[in-house]
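Below: protein.txt (compact mmCIF, C-alpha atoms and all ligand atoms)
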# COMPACT_ATOMS: atom_id res chain seq x y z
CA MET A 18 109.41 75.43 136.09
CA GLN A 19 111.36 78.45 134.86
CA LYS A 20 109.03 81.02 133.31
CA VAL A 21 109.85 82.96 130.15
CA ALA A 22 108.08 86.32 130.12
CA PHE A 23 106.74 87.70 126.85
CA VAL A 24 108.36 91.02 127.73
CA ASP A 25 110.28 92.33 130.75
CA LEU A 26 111.16 96.04 130.91
CA TYR A 27 112.68 96.14 134.39
CA PRO A 28 116.25 95.20 133.25
CA GLN A 29 116.29 98.34 131.07
CA TYR A 30 115.82 100.46 134.19
CA LEU A 31 118.41 98.50 136.17
CA GLU A 32 121.00 99.05 133.42
CA LEU A 33 120.50 102.84 133.61
CA LYS A 34 119.27 103.26 137.18
CA GLY A 35 121.90 105.78 138.34
CA GLU A 36 121.44 108.11 135.38
CA ILE A 37 117.64 107.85 135.29
CA ASP A 38 117.22 108.43 139.02
CA ALA A 39 119.47 111.51 138.86
CA ALA A 40 117.62 112.90 135.82
CA LEU A 41 114.23 112.45 137.47
CA GLU A 42 115.41 114.06 140.67
CA ASN A 43 116.69 117.00 138.65
CA VAL A 44 113.28 117.52 137.00
CA ILE A 45 111.52 117.24 140.34
CA ARG A 46 113.96 119.64 142.01
CA THR A 47 113.52 122.29 139.31
CA SER A 48 109.76 121.57 139.19
CA SER A 49 109.79 122.28 135.47
CA PHE A 50 107.45 119.60 134.24
CA ILE A 51 106.18 120.99 130.92
CA GLY A 52 108.47 121.72 127.96
CA GLY A 53 111.84 123.37 128.53
CA LYS A 54 115.44 122.46 127.76
CA LEU A 55 115.14 118.76 128.54
CA VAL A 56 112.43 118.33 125.92
CA THR A 57 114.45 120.34 123.39
CA ASP A 58 117.60 118.33 124.15
CA PHE A 59 115.76 115.08 123.58
CA GLU A 60 114.16 116.36 120.36
CA ASN A 61 117.58 117.36 119.02
CA ALA A 62 119.09 113.98 119.90
CA LEU A 63 116.14 112.20 118.33
CA ALA A 64 116.39 114.20 115.09
CA THR A 65 120.08 113.25 114.90
CA SER A 66 119.30 109.59 115.57
CA VAL A 67 116.54 109.40 112.95
CA GLY A 68 118.37 111.63 110.47
CA THR A 69 115.79 114.39 110.02
CA LYS A 70 116.03 118.17 110.35
CA PHE A 71 113.20 118.33 112.90
CA ALA A 72 111.79 116.21 115.69
CA VAL A 73 108.77 117.30 117.72
CA GLY A 74 107.95 115.46 120.94
CA VAL A 75 104.24 114.80 121.39
CA ALA A 76 101.90 112.94 123.75
CA ASN A 77 101.82 109.58 121.92
CA ALA A 78 102.04 108.13 118.41
CA THR A 79 98.28 108.20 117.91
CA SER A 80 98.32 111.97 118.24
CA ALA A 81 101.57 112.17 116.20
CA LEU A 82 99.82 110.42 113.30
CA TRP A 83 96.60 112.38 113.78
CA MET A 84 98.38 115.76 113.74
CA THR A 85 100.74 114.89 110.87
CA LEU A 86 97.85 113.76 108.66
CA LYS A 87 96.14 117.04 109.56
CA ALA A 88 99.31 118.92 108.59
CA LEU A 89 99.17 117.11 105.23
CA GLY A 90 95.65 118.48 104.76
CA VAL A 91 93.79 115.20 105.30
CA GLY A 92 90.13 115.81 106.11
CA PRO A 93 86.56 114.68 105.40
CA GLY A 94 86.09 113.15 101.94
CA ASP A 95 89.76 112.11 101.69
CA GLU A 96 91.08 108.56 101.61
CA VAL A 97 94.26 107.33 103.31
CA ILE A 98 95.67 103.94 102.31
CA THR A 99 97.11 101.80 105.08
CA THR A 100 97.62 98.21 106.19
CA PRO A 101 94.91 96.06 107.78
CA LEU A 102 97.58 94.43 109.97
CA THR A 103 98.54 97.06 112.54
CA ALA A 104 97.50 98.41 115.91
CA PHE A 105 94.12 100.14 115.78
CA PRO A 106 95.62 103.62 116.53
CA THR A 107 97.04 103.80 112.99
CA VAL A 108 93.49 103.86 111.70
CA GLU A 109 92.19 106.07 114.50
CA ALA A 110 94.52 108.82 113.27
CA ILE A 111 92.71 108.70 109.91
CA LEU A 112 89.24 108.59 111.48
CA LEU A 113 90.06 111.47 113.86
CA ASN A 114 90.58 113.64 110.78
CA GLY A 115 87.20 112.62 109.35
CA ALA A 116 88.85 110.73 106.47
CA THR A 117 88.29 107.17 105.22
CA ALA A 118 90.78 104.36 105.81
CA ILE A 119 91.38 102.21 102.72
CA PHE A 120 93.12 98.91 103.38
CA ALA A 121 95.67 97.34 101.05
CA ASP A 122 96.48 93.66 101.65
CA ILE A 123 99.84 92.47 102.97
CA ASP A 124 102.79 90.43 101.69
CA GLU A 125 102.42 87.11 103.50
CA LYS A 126 106.15 86.53 103.93
CA THR A 127 107.07 89.85 105.55
CA PHE A 128 103.63 90.75 107.02
CA GLN A 129 104.08 94.25 105.53
CA ILE A 130 101.70 96.21 103.32
CA SER A 131 102.13 95.22 99.65
CA PRO A 132 103.13 98.06 97.27
CA GLN A 133 101.20 96.41 94.41
CA GLU A 134 98.05 96.26 96.54
CA ILE A 135 98.52 99.94 97.42
CA GLU A 136 98.72 100.85 93.73
CA GLY A 137 95.42 99.07 93.10
CA LYS A 138 93.69 101.10 95.82
CA ILE A 139 94.72 104.59 94.69
CA THR A 140 91.82 106.83 93.59
CA PRO A 141 91.50 110.58 92.92
CA ARG A 142 90.51 110.91 96.61
CA THR A 143 93.75 109.36 97.93
CA LYS A 144 95.32 112.09 100.06
CA ALA A 145 98.09 110.12 101.76
CA ILE A 146 99.64 106.68 102.06
CA LEU A 147 100.35 105.44 105.58
CA PRO A 148 102.61 102.36 105.63
CA VAL A 149 103.53 100.82 109.00
CA HIS A 150 106.95 99.26 109.61
CA LEU A 151 105.20 96.47 111.50
CA TYR A 152 107.04 94.42 114.14
CA GLY A 153 110.16 96.52 113.41
CA ILE A 154 110.46 95.10 109.87
CA PRO A 155 110.89 97.95 107.37
CA VAL A 156 108.27 98.00 104.58
CA ASN A 157 109.25 98.01 100.91
CA LEU A 158 109.45 101.80 101.10
CA LYS A 159 111.41 102.34 97.90
CA GLU A 160 108.59 100.85 95.86
CA ILE A 161 105.88 102.63 97.88
CA LEU A 162 107.66 105.99 97.40
CA ARG A 163 107.97 105.28 93.66
CA ILE A 164 104.24 104.52 93.32
CA ALA A 165 103.24 107.54 95.45
CA GLY A 166 105.75 109.84 93.76
CA LYS A 167 104.21 109.25 90.32
CA ARG A 168 100.99 110.83 91.65
CA ASN A 169 102.47 113.30 94.13
CA ILE A 170 100.84 111.57 97.09
CA PRO A 171 102.66 112.07 100.42
CA VAL A 172 103.83 108.99 102.33
CA LEU A 173 103.67 109.13 106.12
CA GLU A 174 105.70 106.40 107.85
CA ASP A 175 104.21 104.84 110.99
CA CYS A 176 107.44 103.98 112.82
CA ALA A 177 105.81 103.21 116.19
CA GLN A 178 107.31 99.71 116.19
CA ALA A 179 110.51 100.43 114.28
CA GLN A 180 112.69 102.94 116.12
CA GLY A 181 116.21 102.57 114.70
CA ALA A 182 115.34 100.28 111.75
CA GLU A 183 117.09 101.05 108.47
CA ILE A 184 116.57 100.86 104.73
CA GLY A 185 119.64 101.26 102.53
CA GLY A 186 121.58 102.84 105.42
CA LYS A 187 118.86 105.38 106.25
CA ARG A 188 116.67 105.24 109.31
CA VAL A 189 112.94 104.72 108.96
CA GLY A 190 111.02 107.92 109.49
CA SER A 191 113.50 109.94 107.42
CA MET A 192 112.38 108.99 103.91
CA GLY A 193 108.68 109.83 103.66
CA ALA A 194 107.02 113.21 104.30
CA ALA A 195 107.38 112.44 108.01
CA GLY A 196 107.79 109.59 110.46
CA CYS A 197 105.71 109.08 113.60
CA PHE A 198 107.17 107.31 116.63
CA SER A 199 105.74 105.85 119.84
CA PHE A 200 107.46 105.78 123.21
CA PHE A 201 104.83 103.50 124.78
CA PRO A 202 106.71 101.64 127.55
CA SER A 203 107.26 98.38 125.65
CA LYS A 204 108.39 100.03 122.40
CA ASN A 205 112.07 99.78 121.36
CA LEU A 206 112.53 103.25 122.84
CA GLY A 207 109.98 103.39 125.65
CA CYS A 208 109.22 105.93 128.37
CA TRP A 209 107.27 105.40 131.60
CA GLY A 210 103.84 106.21 130.25
CA ASP A 211 102.70 107.61 126.91
CA GLY A 212 104.97 109.54 124.56
CA GLY A 213 105.57 110.02 120.86
CA ALA A 214 107.28 112.15 118.24
CA VAL A 215 107.03 113.42 114.68
CA CYS A 216 110.30 113.50 112.72
CA THR A 217 110.49 115.32 109.40
CA ASP A 218 112.61 117.44 107.06
CA ASP A 219 109.54 119.51 106.22
CA GLU A 220 109.53 122.75 108.18
CA ASN A 221 105.79 123.29 107.62
CA ILE A 222 104.87 119.91 109.09
CA ALA A 223 107.17 120.42 112.09
CA ARG A 224 105.81 123.92 112.70
CA PHE A 225 102.18 122.80 112.42
CA VAL A 226 102.64 119.85 114.79
CA ARG A 227 104.53 121.96 117.33
CA MET A 228 101.82 124.61 117.23
CA PHE A 229 98.78 122.30 117.17
CA SER A 230 100.14 120.12 120.00
CA ASN A 231 100.58 123.20 122.21
CA HIS A 232 97.10 124.78 122.04
CA GLY A 233 97.71 126.25 118.58
CA ARG A 234 100.52 128.55 119.66
CA LEU A 235 104.25 129.08 119.28
CA GLU A 236 104.27 132.15 121.55
CA LYS A 237 102.83 131.94 125.07
CA PHE A 238 99.72 134.08 124.64
CA THR A 239 99.24 134.06 120.85
CA HIS A 240 96.99 131.25 119.59
CA GLU A 241 97.27 131.16 115.80
CA ILE A 242 94.91 128.21 115.40
CA GLY A 243 92.67 126.10 117.59
CA GLY A 244 94.86 123.18 118.64
CA ALA A 245 95.02 120.67 121.47
CA ASN A 246 97.20 119.61 124.39
CA GLU A 247 99.35 116.84 122.90
CA ARG A 248 102.80 117.67 124.33
CA LEU A 249 105.55 115.30 125.47
CA ASP A 250 106.03 115.53 129.27
CA THR A 251 109.43 116.70 130.53
CA LEU A 252 109.84 113.68 132.84
CA HIS A 253 109.42 111.37 129.85
CA ALA A 254 111.84 113.43 127.74
CA ALA A 255 114.45 113.20 130.52
CA ILE A 256 114.17 109.39 130.58
CA LEU A 257 114.08 109.09 126.79
CA ARG A 258 117.23 111.20 126.37
CA ILE A 259 119.09 108.65 128.50
CA LYS A 260 117.50 105.55 126.98
CA LEU A 261 118.21 106.81 123.45
CA THR A 262 121.93 106.25 124.11
CA LYS A 263 121.18 102.53 124.47
CA LEU A 264 118.83 102.17 121.49
CA ASP A 265 121.36 100.77 119.01
CA GLU A 266 122.85 98.34 121.53
CA TRP A 267 119.43 97.09 122.62
CA ASN A 268 118.27 96.76 119.00
CA ALA A 269 121.41 94.70 118.26
CA GLN A 270 120.48 92.43 121.19
CA ARG A 271 117.00 92.02 119.69
CA ARG A 272 118.58 91.08 116.34
CA ASN A 273 120.74 88.45 118.06
CA ILE A 274 117.68 86.84 119.58
CA ALA A 275 115.75 87.06 116.29
CA ASN A 276 118.63 85.45 114.39
CA PHE A 277 118.74 82.65 116.95
CA TYR A 278 114.97 82.07 116.65
CA THR A 279 115.09 82.12 112.84
CA GLU A 280 117.96 79.68 112.57
CA ALA A 281 116.45 77.26 115.07
CA LEU A 282 112.82 77.49 113.97
CA GLU A 283 113.54 77.11 110.26
CA LYS A 284 114.14 73.43 111.01
CA ILE A 285 110.54 72.97 112.18
CA GLU A 286 108.28 72.23 109.23
CA GLU A 287 105.08 73.53 110.85
CA ILE A 288 106.60 77.01 111.40
CA GLN A 289 107.25 79.85 108.94
CA THR A 290 109.72 82.45 110.19
CA PRO A 291 109.40 86.16 109.28
CA GLN A 292 111.23 87.38 106.15
CA VAL A 293 112.68 90.85 105.60
CA TYR A 294 113.34 92.89 102.42
CA GLU A 295 116.83 93.19 100.97
CA ASP A 296 119.11 95.97 102.19
CA THR A 297 117.11 96.56 105.38
CA VAL A 298 118.00 96.33 109.07
CA PRO A 299 114.97 95.26 111.14
CA VAL A 300 114.74 95.99 114.87
CA TRP A 301 112.35 93.21 115.92
CA HIS A 302 109.95 95.04 118.18
CA LEU A 303 108.09 91.75 117.92
CA TYR A 304 109.20 88.37 116.60
CA VAL A 305 106.17 86.88 114.87
CA ILE A 306 105.97 83.41 113.34
CA ARG A 307 103.26 81.67 111.35
CA ALA A 308 102.41 78.42 113.10
CA GLN A 309 100.19 75.46 112.28
CA LYS A 310 97.72 74.74 115.10
CA ARG A 311 98.55 78.22 116.44
CA ASP A 312 96.04 78.30 119.30
CA GLU A 313 97.02 74.84 120.56
CA LEU A 314 100.68 75.82 120.40
CA ALA A 315 100.03 79.05 122.36
CA ASN A 316 98.11 77.11 125.03
CA TYR A 317 100.86 74.52 125.26
CA LEU A 318 103.55 77.21 125.67
CA LYS A 319 101.41 78.90 128.33
CA SER A 320 101.20 75.61 130.23
CA LYS A 321 105.01 75.57 130.18
CA GLY A 322 105.24 79.10 131.61
CA ILE A 323 106.12 80.75 128.27
CA GLY A 324 104.32 83.98 127.39
CA THR A 325 103.19 84.68 123.81
CA GLY A 326 101.08 87.38 122.15
CA LEU A 327 98.81 87.97 119.15
CA HIS A 328 99.62 90.98 116.98
CA TYR A 329 96.94 91.09 115.83
CA PRO A 330 94.11 88.58 116.11
CA LEU A 331 91.73 90.44 113.78
CA PRO A 332 92.54 92.39 110.58
CA LEU A 333 91.32 95.93 111.01
CA HIS A 334 88.65 95.86 108.27
CA LEU A 335 86.93 93.14 110.35
CA GLN A 336 86.87 95.24 113.52
CA PRO A 337 83.32 96.31 114.42
CA ALA A 338 84.32 99.98 114.06
CA MET A 339 85.45 99.39 110.46
CA GLY A 340 82.53 97.34 109.18
CA GLY A 341 83.10 94.02 110.87
CA GLU A 342 82.38 90.49 109.67
CA LYS A 343 80.37 91.55 106.64
CA ARG A 344 83.69 92.60 105.08
CA ARG A 345 85.23 89.13 105.43
CA GLY A 346 86.71 88.02 102.12
CA GLU A 347 87.90 91.50 101.06
CA LEU A 348 91.55 90.94 102.00
CA PRO A 349 92.32 87.22 101.75
CA VAL A 350 96.02 87.25 102.63
CA VAL A 351 95.72 89.09 105.95
CA GLU A 352 92.58 87.13 106.83
CA GLN A 353 94.52 83.87 106.48
CA VAL A 354 97.72 85.11 108.11
CA THR A 355 95.97 86.40 111.26
CA ASN A 356 94.79 82.84 111.99
CA GLU A 357 98.39 81.65 112.09
CA ILE A 358 100.52 84.41 113.63
CA LEU A 359 102.05 84.09 117.07
CA SER A 360 104.42 86.55 118.78
CA LEU A 361 107.23 84.90 120.75
CA PRO A 362 109.03 86.37 123.78
CA MET A 363 111.21 89.27 122.59
CA TYR A 364 112.97 92.02 124.50
CA PRO A 365 116.61 93.14 124.56
CA HIS A 366 117.47 91.45 127.85
CA LEU A 367 115.90 88.08 127.00
CA ALA A 368 118.57 85.44 127.74
CA LEU A 369 119.49 83.17 124.83
CA ASP A 370 118.95 80.21 127.18
CA ASP A 371 115.35 81.32 127.61
CA ALA A 372 114.95 81.74 123.83
CA LYS A 373 116.33 78.21 123.49
CA ARG A 374 113.69 76.96 125.94
CA VAL A 375 111.01 78.56 123.77
CA VAL A 376 112.36 76.80 120.67
CA ASP A 377 112.72 73.46 122.46
CA GLU A 378 109.13 73.58 123.69
CA ILE A 379 107.87 74.45 120.20
CA ALA A 380 109.81 71.45 118.86
CA ASN A 381 108.34 69.24 121.63
CA PHE A 382 104.83 70.38 120.76
CA TYR A 383 105.12 69.43 117.09
CA SER A 384 107.00 66.20 117.68
CA GLY A 385 104.21 65.06 119.97
CA LYS A 386 106.60 64.75 122.92
CA CYS A 387 104.29 66.77 125.13
C1 LIG B 1 101.97 100.52 114.64
C2 LIG B 1 101.46 101.42 115.72
N1 LIG B 1 101.04 102.65 115.38
C3 LIG B 1 100.59 103.50 116.32
C4 LIG B 1 100.56 103.17 117.64
C5 LIG B 1 100.06 104.15 118.65
O1 LIG B 1 101.04 104.42 119.58
P1 LIG B 1 100.71 105.16 120.97
O2 LIG B 1 100.31 104.08 121.94
O3 LIG B 1 101.99 105.82 121.34
O4 LIG B 1 99.60 106.11 120.72
C6 LIG B 1 101.01 101.90 118.03
C7 LIG B 1 100.97 101.49 119.45
O5 LIG B 1 100.63 100.40 119.79
C8 LIG B 1 101.48 101.00 117.05
O6 LIG B 1 101.94 99.79 117.38
Before we go any further, please render this structure as structure tokens.
Ligand SMILES: Cc1ncc(COP(=O)(O)O)c(C=O)c1O
Amino acid sequence: MQKVAFVDLYPQYLELKGEIDAALENVIRTSSFIGGKLVTDFENALATSVGTKFAVGVANATSALWMTLKALGVGPGDEVITTPLTAFPTVEAILLNGATAIFADIDEKTFQISPQEIEGKITPRTKAILPVHLYGIPVNLKEILRIAGKRNIPVLEDCAQAQGAEIGGKRVGSMGAAGCFSFFPSKNLGCWGDGGAVCTDDENIARFVRMFSNHGRLEKFTHEIGGANERLDTLHAAILRIKLTKLDEWNAQRRNIANFYTEALEKIEEIQTPQVYEDTVPVWHLYVIRAQKRDELANYLKSKGIGTGLHYPLPLHLQPAMGGEKRRGELPVVEQVTNEILSLPMYPHLALDDAKRVVDEIANFYSGKC
């Protein structure tokens, strides 16, 4: 039985092996492992790719979000509105600043935070709005920016899953106060460990993040504030600089696979395929369907050697750290949707024949041919 992996990163390395090996050897030979020209070169290329004046490489997206919220003045007593359907780190960034996470329910067709629900959650304590371009599908940012703009509330884009996605011809991460990116290995632009970045046009945010992430200093022995060690490693920057040249091509390959899935799965009544907003270009970090008998389907696919994932099984307000089961009923849409979502195999080098096998097995499951 031919297996279909949920994700396989090795082909990315094979495609760039010569360049990556040479870049790593160069870092090792110079023994310059922290900061330096390679980090700056990558930051400049990233800023160009995203379309912002500044890009600051940092240790991961959790710290990118944590430090950017801090730069926006978020602290104890403040509220930050975000989605209940995201990876837990989005919320950790709020908690790390001593603020309160307020969840706004999602749009069930796109899985993205609903602008109308955000508007209903704004209070005088709302210090920032933190939408997440989940699965690589851009949120309805125009509407969110309109709602936030009326009250002068900054919008911080969590772009961890959406490197290269576009809205109206502009890249995500370039339209709010700042955009935070993750280079976790399986992300659309992944390094070989943890990495992240903050992209922004705002010089104050860029300066603060650069300083805070490097022990509160811009000069070697002058610490202007108490900061932390949240820098991007040079080895990662060297790899990322090379992989960035492939981002658009690999995202196009993801879109090919997503289009194939959507066209084929739309014919199966028990499946709802993901929708996107008008005038956007998604980058399909994950391809997530809503499926009847989701758990049985996942088990069946597993028995056929096909990997799937759950992103995410529990809405964040129901996590023990956020209140847990006593909050059930607060956000009905996400609570329903999380019972039905299933992530299908998705990575740039996934063969269309393998994607076809996934679709065929899903069809077999529902037609009772299994
Ligand atoms: C939406 C979202 N935000 C933030 C993060 C945190 O990223 P990192 O692992 O780089 O800290 C992730 C990672 O899973 C994510 O998916």
request  = Throw together the list of residues within 6 Å of ligand LIG 1 (chain B), counting all atoms listed in the file, and drop it here as a ChimeraX atom specification.
outcome  = /A:77-79,103-104,106-107,149,175,177-178,199-201,211-213
query = Could you name the residues that touch range 127-137 of chain A at 9 Å or less, counting all atoms listed in the file, but leaving out those on the same chain fewer than 3 positions away, as a PyMOL selection string?
reply = chain A and resi 98-102+120-124+140+146+148-152+154-158+160-161+164-165+291-294+351+354
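Among A:Ile323, A:Met228, A:Leu249, A:Ile37, the residue with the shortest atom-to-atom distance to Gln19 in chain A, counting only C-alpha atoms, is A:Ile323.
Minimum atom-to-atom distances from A:Met339, A:Ile256, A:Val300, A:Leu63 to Val44 in chain A were compared using all atoms listed in the file, and the lowest value belongs to A:Ile256.
Considering the residues A:Leu147, A:Ala72, A:Ala81, A:Ala338 and counting all atoms listed in the file, Phe105 in chain A has its shortest atom-to-atom contact with A:Ala338.
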inquiry  = With distances taken over only C-alpha atoms, which residue among A:Thr85, A:Ser230, A:Gln353, A:Thr262 lies nearest Asp250 in chain A?
reply    = A:Ser230
query = Any idea what's packed within 9 Å of Ile111 in chain A, counting all atoms listed in the file, ignoring anything in its chain fewer than 4 positions away? Could you give it as a VMD selection string?
reply = chain A and resid 82 to 83 86 91 to 92 96 to 97 106 to 107 115 to 118
ask   = By how many Å are CA of Thr279 in chain A and CA of Asp265 in chain A apart?
value =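 If I compute the distance from CA of Thr279 in chain A to CA of Asp265 in chain A, I get 20.6 Å.
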query = Could you state the separation of CA of Glu60 in chain A and CA of Trp301 in chain A in Å, given to one decimal place?
reply =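 So the two atoms, CA of Glu60 in chain A and CA of Trp301 in chain A, lie 23.6 Å apart.
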request  = Identify, on the basis of all atoms listed in the file, every residue whose closest approach to Ile184 in chain A does not exceed 7 Å; exclude the query and any residue fewer than 6 positions from it along the same chain; express the result as a ChimeraX atom specification.
outcome  = /A:155,296-298
